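Data from data-v8.txt: compact mmCIF, C-alpha atoms
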```txt
# COMPACT_ATOMS: atom_id res chain seq x y z
CA MET S 1 11.77 6.15 128.27
CA THR S 2 11.88 9.81 129.13
CA ASP S 3 14.68 12.30 129.25
CA ARG S 4 13.84 13.05 132.79
CA PRO S 5 16.17 11.05 135.04
CA THR S 6 14.33 8.62 137.20
CA GLY S 7 14.74 9.11 140.80
CA ASP S 8 15.02 5.37 141.41
CA GLU S 9 18.72 4.51 140.75
CA HIS S 10 18.36 1.30 142.70
CA ALA S 11 16.01 -0.17 140.08
CA TYR S 12 18.67 0.18 137.41
CA ASP S 13 21.40 -1.27 139.61
CA ASP S 14 19.16 -4.19 140.49
CA TRP S 15 18.41 -4.78 136.82
CA ILE S 16 22.10 -4.81 135.92
CA ALA S 17 22.88 -7.17 138.75
CA ASN S 18 20.09 -9.51 137.64
CA ARG S 19 21.34 -9.61 134.07
CA ARG S 20 24.88 -10.39 135.18
CA ALA S 21 23.72 -13.12 137.50
CA VAL S 22 22.19 -15.23 134.69
CA GLU S 23 23.84 -18.65 134.50
CA PRO S 24 24.35 -20.16 131.01
CA PRO S 25 22.71 -23.55 130.42
CA SER S 26 24.93 -26.45 131.46
CA GLU S 27 24.81 -28.05 128.00
CA LEU S 28 25.78 -24.84 126.15
CA THR S 29 29.41 -25.92 125.70
CA ASP S 30 28.37 -29.31 124.39
CA ARG S 31 25.94 -27.75 121.93
CA VAL S 32 28.55 -25.34 120.58
CA MET S 33 31.22 -28.08 120.22
CA ALA S 34 28.74 -30.39 118.52
CA LEU S 35 28.03 -27.69 115.95
CA VAL S 36 31.76 -27.19 115.40
CA GLU S 37 32.32 -30.95 114.99
CA LYS S 38 29.45 -31.21 112.54
CA GLN S 39 31.05 -28.44 110.50
CA ASN S 40 34.35 -30.29 110.27
CA VAL S 41 33.19 -33.90 109.92
CA SER S 42 33.17 -34.03 106.08
CA GLY S 43 36.83 -33.06 105.89
CA SER S 44 38.05 -35.29 108.69
CA ARG S 45 36.45 -38.61 107.57
CA SER S 46 38.99 -39.36 104.86
CA LEU S 47 41.83 -38.07 107.01
CA GLY S 48 40.73 -40.34 109.83
CA PHE S 49 40.68 -43.33 107.47
CA VAL S 50 44.16 -42.50 106.17
CA GLU S 51 45.53 -42.04 109.67
CA SER S 52 44.03 -45.33 110.78
CA LEU S 53 45.72 -47.10 107.86
CA ASN S 54 48.93 -45.28 108.63
CA GLU S 55 49.10 -46.94 112.05
CA SER S 56 49.99 -50.35 110.56
CA PRO S 57 52.80 -51.00 108.05
CA LEU S 58 50.91 -54.07 106.84
CA LEU S 59 47.83 -52.00 106.05
CA ARG S 60 49.94 -49.45 104.19
CA VAL S 61 51.47 -52.18 102.03
CA ALA S 62 48.06 -53.76 101.46
CA ALA S 63 46.59 -50.42 100.37
CA CYS S 64 49.41 -49.91 97.85
CA PHE S 65 49.05 -53.48 96.60
CA VAL S 66 45.31 -53.15 96.07
CA SER S 67 45.85 -49.82 94.31
CA SER S 68 48.42 -51.38 92.00
CA LEU S 69 45.98 -54.18 91.14
CA VAL S 70 43.18 -51.76 90.36
CA GLY S 71 45.54 -49.52 88.38
CA SER S 72 46.78 -52.44 86.31
CA LEU S 73 43.27 -53.53 85.33
CA PRO S 74 43.27 -51.46 82.11
CA PHE S 75 46.54 -53.12 81.07
CA LEU S 76 45.17 -56.57 81.82
CA TYR S 77 42.04 -55.77 79.82
CA ALA S 78 44.12 -54.49 76.90
CA ALA S 79 46.23 -57.66 76.99
CA TYR S 80 43.06 -59.74 76.99
CA VAL S 81 41.64 -57.86 73.99
CA ALA S 82 45.02 -58.20 72.21
CA GLN S 83 44.78 -61.98 72.66
CA LEU S 84 47.96 -61.96 74.75
CA LEU S 85 46.11 -63.06 77.87
CA VAL S 86 43.74 -65.99 77.70
CA PHE S 87 41.39 -67.04 80.50
CA MET L 1 35.02 -30.78 98.19
CA THR L 2 36.95 -29.23 101.03
CA VAL L 3 40.67 -28.58 100.97
CA GLU L 4 42.67 -31.19 102.88
CA LYS L 5 43.38 -30.40 106.49
CA SER L 6 46.48 -32.52 106.99
CA ALA L 7 49.84 -30.92 106.39
CA ILE L 8 51.89 -34.07 106.26
CA ARG L 9 52.16 -35.91 102.93
CA PHE L 10 52.03 -39.67 103.48
CA PRO L 11 54.35 -41.44 101.01
CA TRP L 12 52.18 -44.53 100.79
CA VAL L 13 49.14 -42.39 99.95
CA ALA L 14 51.10 -40.70 97.14
CA MET L 15 52.16 -44.11 95.84
CA ALA L 16 48.64 -45.57 96.04
CA LEU L 17 47.11 -42.58 94.25
CA SER L 18 49.70 -42.82 91.47
CA PHE L 19 49.05 -46.52 91.05
CA LEU L 20 45.37 -45.78 90.58
CA SER L 21 46.07 -42.95 88.14
CA SER L 22 49.51 -41.77 87.08
CA GLY L 23 50.23 -38.20 88.19
CA VAL L 24 47.60 -37.95 90.92
CA GLY L 25 50.18 -38.82 93.58
CA HIS L 26 52.30 -35.89 92.36
CA ILE L 27 49.29 -33.58 92.58
CA TYR L 28 48.77 -34.84 96.14
CA CYS L 29 52.37 -33.80 96.91
CA GLY L 30 51.89 -30.34 95.43
CA ARG L 31 53.73 -31.03 92.15
CA ILE L 32 50.85 -30.13 89.91
CA VAL L 33 52.81 -29.53 86.70
CA LYS L 34 54.66 -32.83 86.84
CA GLY L 35 51.47 -34.56 87.86
CA LEU L 36 49.49 -33.17 84.96
CA VAL L 37 52.27 -34.04 82.50
CA LEU L 38 52.32 -37.67 83.65
CA TYR L 39 48.53 -37.80 83.74
CA SER L 40 48.20 -36.40 80.21
CA ALA L 41 50.97 -38.58 78.83
CA ARG L 42 49.30 -41.71 80.12
CA LEU L 43 46.02 -40.63 78.53
CA LEU L 44 47.34 -39.47 75.18
CA LEU L 45 50.07 -41.99 74.36
CA PRO L 46 47.72 -44.94 73.82
CA MET L 47 45.68 -42.84 71.41
CA LEU L 48 48.56 -42.96 68.93
CA CYS L 49 47.42 -46.45 67.99
CA ILE L 50 44.41 -44.85 66.33
CA LEU L 51 46.79 -42.83 64.17
CA ALA L 52 48.45 -46.06 63.02
CA ALA L 53 45.24 -47.07 61.23
CA PHE L 54 45.43 -44.00 59.04
CA VAL L 55 48.98 -44.49 57.74
CA ARG L 56 50.36 -47.05 55.32
CA PRO L 57 51.14 -50.29 57.18
CA SER L 58 54.84 -50.59 57.96
CA ASN L 59 57.07 -51.94 60.68
CA GLY L 60 57.85 -48.35 61.62
CA ALA L 61 54.18 -47.57 62.17
CA LEU L 62 53.67 -50.75 64.17
CA ILE L 63 56.65 -50.07 66.41
CA GLY L 64 56.42 -46.27 66.56
CA LEU L 65 52.68 -45.79 66.89
CA ILE L 66 51.54 -48.94 68.67
CA LEU L 67 54.26 -50.85 70.49
CA LEU L 68 56.47 -48.01 71.76
CA PRO L 69 53.55 -45.94 73.10
CA ALA L 70 52.24 -49.06 74.81
CA LEU L 71 55.64 -49.64 76.39
CA ALA L 72 55.91 -45.98 77.42
CA THR L 73 52.49 -46.17 79.06
CA ILE L 74 53.58 -49.19 81.09
CA LEU L 75 56.78 -47.39 82.12
CA ILE L 76 54.82 -44.35 83.26
CA PHE L 77 52.53 -46.65 85.26
CA LEU L 78 55.59 -48.09 87.04
CA PHE L 79 57.61 -44.87 87.38
CA SER L 80 54.88 -42.55 88.65
CA PRO L 81 54.14 -44.28 91.99
CA ILE L 82 57.83 -44.66 92.84
CA ASP L 83 58.55 -41.01 92.04
CA ALA L 84 55.48 -39.82 93.99
CA TRP L 85 56.56 -41.88 97.00
CA ALA L 86 60.06 -40.36 96.88
CA ILE L 87 58.68 -36.82 96.61
CA ALA L 88 56.32 -37.37 99.54
CA ARG L 89 59.19 -38.67 101.66
CA ARG L 90 61.21 -35.54 100.98
CA SER L 91 58.29 -33.15 101.43
CA ASP L 92 58.07 -30.57 104.20
CA PRO L 93 56.22 -31.89 107.29
CA GLU L 94 54.53 -28.48 107.43
CA TYR L 95 53.28 -28.69 103.84
CA THR L 96 50.45 -26.25 103.20
CA PRO L 97 47.66 -27.93 101.23
CA LYS L 98 46.89 -26.08 98.01
CA GLU L 99 43.51 -25.33 96.49
CA TYR L 100 43.77 -28.44 94.31
CA ASN L 101 44.53 -30.74 97.23
CA ARG L 102 41.01 -32.08 97.46
CA THR L 103 39.98 -35.69 97.93
CA GLY L 104 37.13 -35.30 95.48
CA LEU L 105 39.49 -34.07 92.77
CA TYR L 106 41.74 -37.11 93.19
CA TRP L 107 38.79 -39.49 92.77
CA LEU L 108 37.53 -37.52 89.78
CA LEU L 109 40.89 -37.77 88.00
CA ILE L 110 41.16 -41.47 88.78
CA ALA L 111 37.66 -42.21 87.50
CA LEU L 112 38.30 -40.12 84.37
CA GLN L 113 41.49 -41.94 83.46
CA LEU L 114 40.13 -45.42 84.09
CA SER L 115 36.96 -44.75 82.11
CA CYS L 116 38.96 -43.21 79.23
CA TYR L 117 41.05 -46.35 79.03
CA VAL L 118 38.04 -48.63 78.86
CA ALA L 119 36.43 -46.41 76.21
CA LEU L 120 39.66 -46.31 74.18
CA ILE L 121 40.14 -50.09 74.21
CA LEU L 122 36.51 -50.79 73.33
CA GLY L 123 36.37 -48.09 70.66
CA ALA L 124 39.69 -49.00 69.06
CA SER L 125 38.84 -52.69 68.79
CA ALA L 126 35.37 -51.92 67.43
CA PHE L 127 36.30 -49.30 64.82
CA VAL L 128 40.07 -49.19 64.28
CA TYR L 129 42.11 -52.33 64.96
CA GLU L 130 40.79 -55.69 66.08
CA PRO L 131 43.22 -58.43 67.19
CA PHE L 132 42.74 -62.11 66.36
CA VAL L 133 44.56 -65.35 67.04
CA ILE L 134 45.05 -67.77 64.15
CA PRO L 135 43.53 -71.06 65.34
CA THR L 136 43.95 -73.30 62.28
CA ARG L 137 46.41 -74.19 59.53
CA SER L 138 44.28 -72.85 56.70
CA MET L 139 46.61 -69.90 56.04
CA HIS L 140 49.92 -71.79 56.16
CA PRO L 141 52.67 -70.93 55.23
CA ASN L 142 52.01 -67.22 55.73
CA PHE L 143 50.18 -67.40 59.07
CA LEU L 144 50.80 -70.14 61.59
CA VAL L 145 48.66 -71.43 64.43
CA GLY L 146 49.13 -69.05 67.37
CA ASP L 147 49.99 -65.97 65.33
CA ARG L 148 48.39 -62.78 66.64
CA ILE L 149 47.24 -60.47 63.87
CA LEU L 150 45.81 -56.97 63.72
CA VAL L 151 42.92 -56.36 61.34
CA ASN L 152 42.53 -52.76 60.20
CA LYS L 153 38.86 -51.91 60.00
CA ARG L 154 39.20 -48.39 58.70
CA PRO L 155 40.12 -48.55 54.98
CA LEU L 156 37.13 -50.68 54.04
CA ARG L 157 35.03 -47.56 54.03
CA GLU L 158 37.02 -46.11 51.14
CA SER L 159 37.85 -49.06 48.82
CA PHE L 160 36.86 -52.64 47.98
CA PRO L 161 39.24 -55.58 48.48
CA ASP L 162 41.52 -56.36 45.55
CA ARG L 163 43.12 -59.59 44.32
CA GLY L 164 45.83 -60.73 46.71
CA ASP L 165 44.49 -58.84 49.74
CA LEU L 166 44.26 -60.61 53.07
CA VAL L 167 40.89 -59.98 54.63
CA ALA L 168 38.95 -61.01 57.73
CA PHE L 169 35.24 -61.62 57.31
CA HIS L 170 32.14 -62.89 59.08
CA THR L 171 31.30 -66.43 58.12
CA PRO L 172 27.81 -67.76 57.40
CA SER L 173 26.09 -68.76 60.61
CA SER L 174 26.18 -72.40 59.55
CA GLU L 175 29.98 -72.45 59.66
CA LYS L 176 32.02 -73.05 62.77
CA GLY L 177 33.76 -69.94 64.07
CA ARG L 178 32.44 -66.43 63.66
CA THR L 179 35.37 -64.79 61.85
CA TRP L 180 37.72 -66.23 59.24
CA MET L 181 40.77 -64.86 57.42
CA LYS L 182 41.40 -65.70 53.75
CA ARG L 183 42.99 -64.24 50.64
CA VAL L 184 41.10 -62.54 47.81
CA VAL L 185 41.58 -64.47 44.57
CA GLY L 186 38.72 -62.99 42.53
CA VAL L 187 36.74 -59.77 42.74
CA ALA L 188 33.30 -58.80 41.47
CA GLY L 189 32.84 -59.75 37.82
CA ASP L 190 35.84 -62.14 37.67
CA ARG L 191 35.34 -65.59 36.25
CA VAL L 192 37.08 -68.07 38.51
CA VAL L 193 37.67 -71.64 37.31
CA ILE L 194 39.23 -74.20 39.67
CA ARG L 195 40.23 -77.64 38.46
CA GLY L 196 42.00 -79.53 41.21
CA ARG L 197 44.97 -77.37 42.09
CA GLU L 198 44.86 -75.23 38.97
CA ILE L 199 43.15 -71.85 39.13
CA GLU L 200 42.14 -69.59 36.27
CA VAL L 201 40.97 -66.03 36.74
CA ASN L 202 39.36 -64.44 33.70
CA GLY L 203 40.80 -67.14 31.48
CA LYS L 204 44.37 -66.69 32.70
CA LYS L 205 45.98 -69.47 34.67
CA LEU L 206 47.64 -68.36 37.90
CA GLU L 207 51.32 -69.15 37.53
CA ARG L 208 53.28 -70.74 40.32
CA GLU L 209 56.95 -71.01 41.15
CA ARG L 210 58.40 -73.43 43.68
CA VAL L 211 59.86 -71.83 46.82
CA PRO L 212 63.18 -73.41 47.91
CA ALA L 213 62.88 -75.49 51.05
CA GLU L 214 65.64 -73.46 52.74
CA SER L 215 63.43 -70.36 52.65
CA THR L 216 60.84 -72.00 54.91
CA ALA L 217 63.24 -73.80 57.25
CA LEU L 218 62.29 -71.63 60.24
CA ILE L 219 58.61 -72.62 60.11
CA ARG L 220 58.96 -76.31 59.27
CA ASN L 221 57.80 -77.22 62.78
CA GLN L 222 54.28 -76.39 61.66
CA VAL L 223 54.42 -76.28 57.86
CA GLU L 224 54.46 -79.54 55.92
CA GLY L 225 54.18 -79.72 52.17
CA ASP L 226 55.32 -77.82 49.12
CA VAL L 227 55.37 -74.03 49.12
CA TYR L 228 54.87 -72.07 45.92
CA TYR L 229 54.77 -68.45 44.91
CA GLU L 230 51.47 -67.75 43.15
CA LEU L 231 51.16 -64.79 40.81
CA ASN L 232 47.70 -63.15 40.64
CA GLY L 233 47.75 -59.94 38.63
CA SER L 234 50.39 -57.71 40.21
CA ARG L 235 50.38 -59.57 43.52
CA ARG L 236 52.61 -62.46 44.45
CA TYR L 237 52.08 -64.53 47.57
CA ARG L 238 52.98 -67.93 48.95
CA VAL L 239 50.61 -70.90 48.95
CA LEU L 240 50.99 -74.38 50.37
CA PHE L 241 50.07 -77.74 48.92
CA ALA L 242 50.37 -81.05 50.73
CA GLY L 243 53.56 -82.65 49.41
CA GLU L 244 53.86 -86.09 47.83
CA ALA L 245 56.24 -86.98 50.66
CA SER L 246 53.24 -87.08 52.97
CA GLY L 247 52.06 -90.21 51.18
CA ASP L 248 48.97 -88.60 49.67
CA SER L 249 48.69 -88.05 45.97
CA PRO L 250 47.39 -84.66 44.88
CA ALA L 251 44.12 -86.22 43.77
CA ASP L 252 43.50 -87.74 47.20
CA VAL L 253 44.25 -84.54 49.12
CA SER L 254 42.12 -82.16 47.12
CA GLU L 255 38.47 -82.42 48.14
CA THR L 256 36.99 -79.85 45.77
CA LYS L 257 35.36 -80.66 42.50
CA GLU L 258 35.63 -78.38 39.50
CA ILE L 259 34.35 -74.89 40.10
CA ASP L 260 33.38 -72.41 37.42
CA ILE L 261 31.73 -69.25 38.72
CA THR L 262 31.48 -65.57 38.02
CA VAL L 263 31.95 -63.59 41.20
CA PRO L 264 28.72 -61.66 41.87
CA ASP L 265 28.56 -57.91 42.20
CA ARG L 266 29.94 -56.51 45.50
CA SER L 267 31.44 -59.89 46.35
CA VAL L 268 34.86 -61.49 46.50
CA PHE L 269 36.12 -65.03 45.99
CA LEU L 270 38.36 -66.10 48.85
CA LEU L 271 40.83 -68.95 49.22
CA GLY L 272 43.01 -70.07 52.11
CA ASP L 273 46.74 -70.11 51.37
CA ASN L 274 46.90 -73.74 52.56
CA ARG L 275 44.97 -74.87 49.51
CA ASP L 276 44.50 -78.51 50.56
CA LYS L 277 43.43 -77.77 54.13
CA SER L 278 41.17 -74.77 53.95
CA ARG L 279 37.41 -74.22 53.93
CA ASP L 280 36.79 -71.13 51.85
CA SER L 281 34.78 -69.88 48.89
CA ARG L 282 35.12 -73.30 47.28
CA HIS L 283 32.76 -74.52 50.00
CA ILE L 284 30.79 -71.48 51.18
CA GLY L 285 30.68 -69.52 47.94
CA SER L 286 31.58 -65.91 47.27
CA VAL L 287 31.55 -63.55 50.24
CA HIS L 288 29.69 -60.27 50.16
CA VAL L 289 31.89 -57.23 50.79
CA GLY L 290 29.54 -56.22 53.61
CA ASP L 291 30.69 -59.28 55.55
CA VAL L 292 34.35 -58.28 55.25
CA ILE L 293 35.57 -56.81 58.55
CA GLY L 294 38.89 -55.38 57.37
CA TYR L 295 42.40 -55.99 56.05
CA VAL L 296 45.09 -57.93 57.85
CA ASP L 297 47.84 -55.37 58.51
CA TYR L 298 50.22 -56.83 61.06
CA ASN L 299 51.45 -60.01 62.63
CA TYR L 300 52.39 -58.51 65.97
CA PHE L 301 53.06 -61.69 67.96
CA PRO L 302 54.19 -64.43 65.59
CA ALA L 303 54.45 -68.08 66.51
CA GLU L 304 57.68 -70.02 65.92
CA THR L 305 59.99 -67.16 64.92
CA TRP L 306 60.17 -63.39 65.40
CA SER L 307 61.51 -62.98 61.86
CA ARG L 308 57.83 -62.98 60.83
CA PHE L 309 57.00 -60.02 63.07
CA GLY L 310 55.55 -56.94 61.42
CA VAL L 311 53.67 -56.13 58.24
CA SER L 312 51.90 -59.09 56.68
CA ARG L 313 53.98 -59.20 53.55
CA ASP L 314 53.37 -61.06 50.32
```
Write out the structure in this file as structure tokens.
Amino acid sequence: MTDRPTGDEHAYDDWIANRRAVEPPSELTDRVMALVEKQNVSGSRSLGFVESLNESPLLRVAACFVSSLVGSLPFLYAAYVAQLLVF
Amino acid sequence: MTVEKSAIRFPWVAMALSFLSSGVGHIYCGRIVKGLVLYSARLLLPMLCILAAFVRPSNGALIGLILLPALATILIFLFSPIDAWAIARRSDPEYTPKEYNRTGLYWLLIALQLSCYVALILGASAFVYEPFVIPTRSMHPNFLVGDRILVNKRPLRESFPDRGDLVAFHTPSSEKGRTWMKRVVGVAGDRVVIRGREIEVNGKKLERERVPAESTALIRNQVEGDVYYELNGSRRYRVLFAGEASGDSPADVSETKEIDITVPDRSVFLLGDNRDKSRDSRHIGSVHVGDVIGYVDYNYFPAETWSRFGVSRD
């Protein structure tokens, strides 16, 4: 680079035109979206599971029923230790 | 742990979370204060049973420190999911998830509460109160078959059993059943002489007084025979002898020969209250205090009649 202007203005114009004419790779969009999806996947897994259960009333009831069974396990164990429940 | 992305609060999710651990459903709906209060209450209330072991046994302690907290815990378990469901139904569809709305936090709270419960139950039964079911008639008329009793394991560290105390102890390995319950009749150094149904402790005959039949009417489904009050030092308790109405003479019923022993150091001499139908120190000898598990404090689920609920009284 010099501070003396080049006499060849066409070379610069050609260079600019060449830079602008570059086509992005065809898979660029896919690569960017894949990166975005990878970023979000950890937060959307549980939401996807919940939304899939939400589709069916039977599944919603079953989920609540299973939760109630698991939540009542400490009470059942305490009743067993207290000799109120015999197996 | 990333903050939730969904704005909507699903009522069934709030209910399921609260079933798993009371209060977590409320936290899911953004009601953190209410959620933490329910969560803490469900954790702390059952711990009051540990406090009951440190106070003098009474019906008030049994009801106030053991039964009512247990009932309150069950009510919280039932109330929390229903309330969380109702809150989620009323919540704004454009709810903004807070910093604490994280899936990992929910699972952490659930795991913490469930593991605390298991630890509390195991620890309490190992070191504080252990429940037993009475399987035999050896402690009639005071404890019937099917009675559920609580044995307090704590005081044994501070004092030895005294005459008249009800204790649970480990039996010799040769005997059937791992743990028995009997009454202390003699302590270390006492000379105990048994001739048939008569008992002398340190040369003094234990006096008996017949209990009127009307007083034991409620338990006559299980109890057969003659009930007496027996006086041992300052303690008075009921004992049972097979009655003559059963067709057996006293000499036929009693299987023990004369016994004359001095209770060894750090040992106790134990007898069942059903004197004619009990295997006890007359058969297995004195019991070392180290084999005594604890004192019988409560009959919390009596057979036959609820009038026998509460402190195991003499």
query = Near Val66 in chain S, counting only C-alpha atoms, which residues have an atom at most 10 Å away, once you skip same-chain residues fewer than 6 positions from it, shown as number ranges by chain?
reply = S: 72; L: 16, 19-20
query = Which of these, L:Ile63, L:Ile74, L:Leu240, L:Leu36, has the shortest distance to chain S once you count only C-alpha atoms?
reply =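 Selected residue with least distance to chain S: L:Ile74.
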Interface rows for chain L against chain S: nearest pair, Å to one decimal, 9 Å, all atoms listed in the file, as a tab-separated table:
```
residue	atom	partner	partner_atom	distance
L:Met1	CA	S:Gly43	CA	8.2
L:Thr2	CA	S:Gly43	CA	6.2
L:Val3	CA	S:Gly43	CA	7.7
L:Glu4	CA	S:Gly43	CA	6.8
L:Lys5	CA	S:Gly43	CA	7.1
L:Ser6	CA	S:Leu47	CA	7.2
L:Phe10	CA	S:Asn54	CA	8.2
L:Trp12	CA	S:Arg60	CA	6.4
L:Val13	CA	S:Cys64	CA	7.8
L:Met15	CA	S:Cys64	CA	6.7
L:Ala16	CA	S:Cys64	CA	4.8
L:Leu17	CA	S:Ser67	CA	7.3
L:Ser18	CA	S:Gly71	CA	8.5
L:Phe19	CA	S:Ser68	CA	5.0
L:Leu20	CA	S:Gly71	CA	4.3
L:Ser21	CA	S:Gly71	CA	6.6
L:Ser22	CA	S:Gly71	CA	8.8
L:Ile74	CA	S:Phe75	CA	8.1
L:Phe77	CA	S:Gly71	CA	8.2
L:Thr103	CA	S:Ser46	CA	7.9
L:Leu114	CA	S:Pro74	CA	7.1
L:Tyr117	CA	S:Pro74	CA	6.4
L:Val118	CA	S:Pro74	CA	6.8
L:Ile121	CA	S:Ala78	CA	6.5
L:Leu122	CA	S:Val81	CA	8.8
L:Ser125	CA	S:Val81	CA	7.8
L:Glu130	CA	S:Ala82	CA	7.9
L:Pro131	CA	S:Ala82	CA	5.3
L:Phe132	CA	S:Gln83	CA	6.6
L:Val133	CA	S:Gln83	CA	6.6
L:Arg148	CA	S:Gln83	CA	7.1
L:Ile149	CA	S:Ala82	CA	8.9
L:Leu150	CA	S:Ala82	CA	8.6
L:Phe301	CA	S:Leu84	CA	8.5
```
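In this structure, CA of Lys257 in chain L sits 22.8 Å away from CA of Thr136 in chain L.
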request  = Give me the residues within 6 Å of Ala84 in chain L as a list in words, counting all atoms listed in the file and dropping any in the same chain fewer than 5 places off.
outcome  =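 My reading of the contact set: Ala14, Met15, Gly25 and His26 of chain L.
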note = The distance between CA of Met47 in chain L and CA of Leu120 in chain L is 7.5 Å
request  = Would you list the residues near (36.6, -56.4, 42.6), meaning any protein, DNA or RNA residue with an atom at most 7 Å from that point in file coordinates, counting only C-alpha atoms, as a PyMOL selection string?
outcome  = chain L and resi 160-162+186-189+268
message = At a cut-off of 10 Å, using all atoms listed in the file, what residues contact Phe309 in chain L? Leave out same-chain residues fewer than 5 positions from it and give the result as a PyMOL selection string.
response = chain L and resi 59+62+147-149+298-303
The selected residues should be written to file as an mmCIF file, keeping the file's coordinate frame (atoms: C-alpha atoms).
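As a result, selection-v5.cif now contains:
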```
data_model
loop_
_atom_site.group_PDB
_atom_site.id
_atom_site.type_symbol
_atom_site.label_atom_id
_atom_site.label_comp_id
_atom_site.auth_asym_id
_atom_site.auth_seq_id
_atom_site.Cartn_x
_atom_site.Cartn_y
_atom_site.Cartn_z
ATOM 1 C CA ASN L 59 57.070 -51.940 60.680
ATOM 2 C CA LEU L 62 53.670 -50.750 64.170
ATOM 3 C CA ASP L 147 49.990 -65.970 65.330
ATOM 4 C CA ARG L 148 48.390 -62.780 66.640
ATOM 5 C CA ILE L 149 47.240 -60.470 63.870
ATOM 6 C CA TYR L 298 50.220 -56.830 61.060
ATOM 7 C CA ASN L 299 51.450 -60.010 62.630
ATOM 8 C CA TYR L 300 52.390 -58.510 65.970
ATOM 9 C CA PHE L 301 53.060 -61.690 67.960
ATOM 10 C CA PRO L 302 54.190 -64.430 65.590
ATOM 11 C CA ALA L 303 54.450 -68.080 66.510
#
```
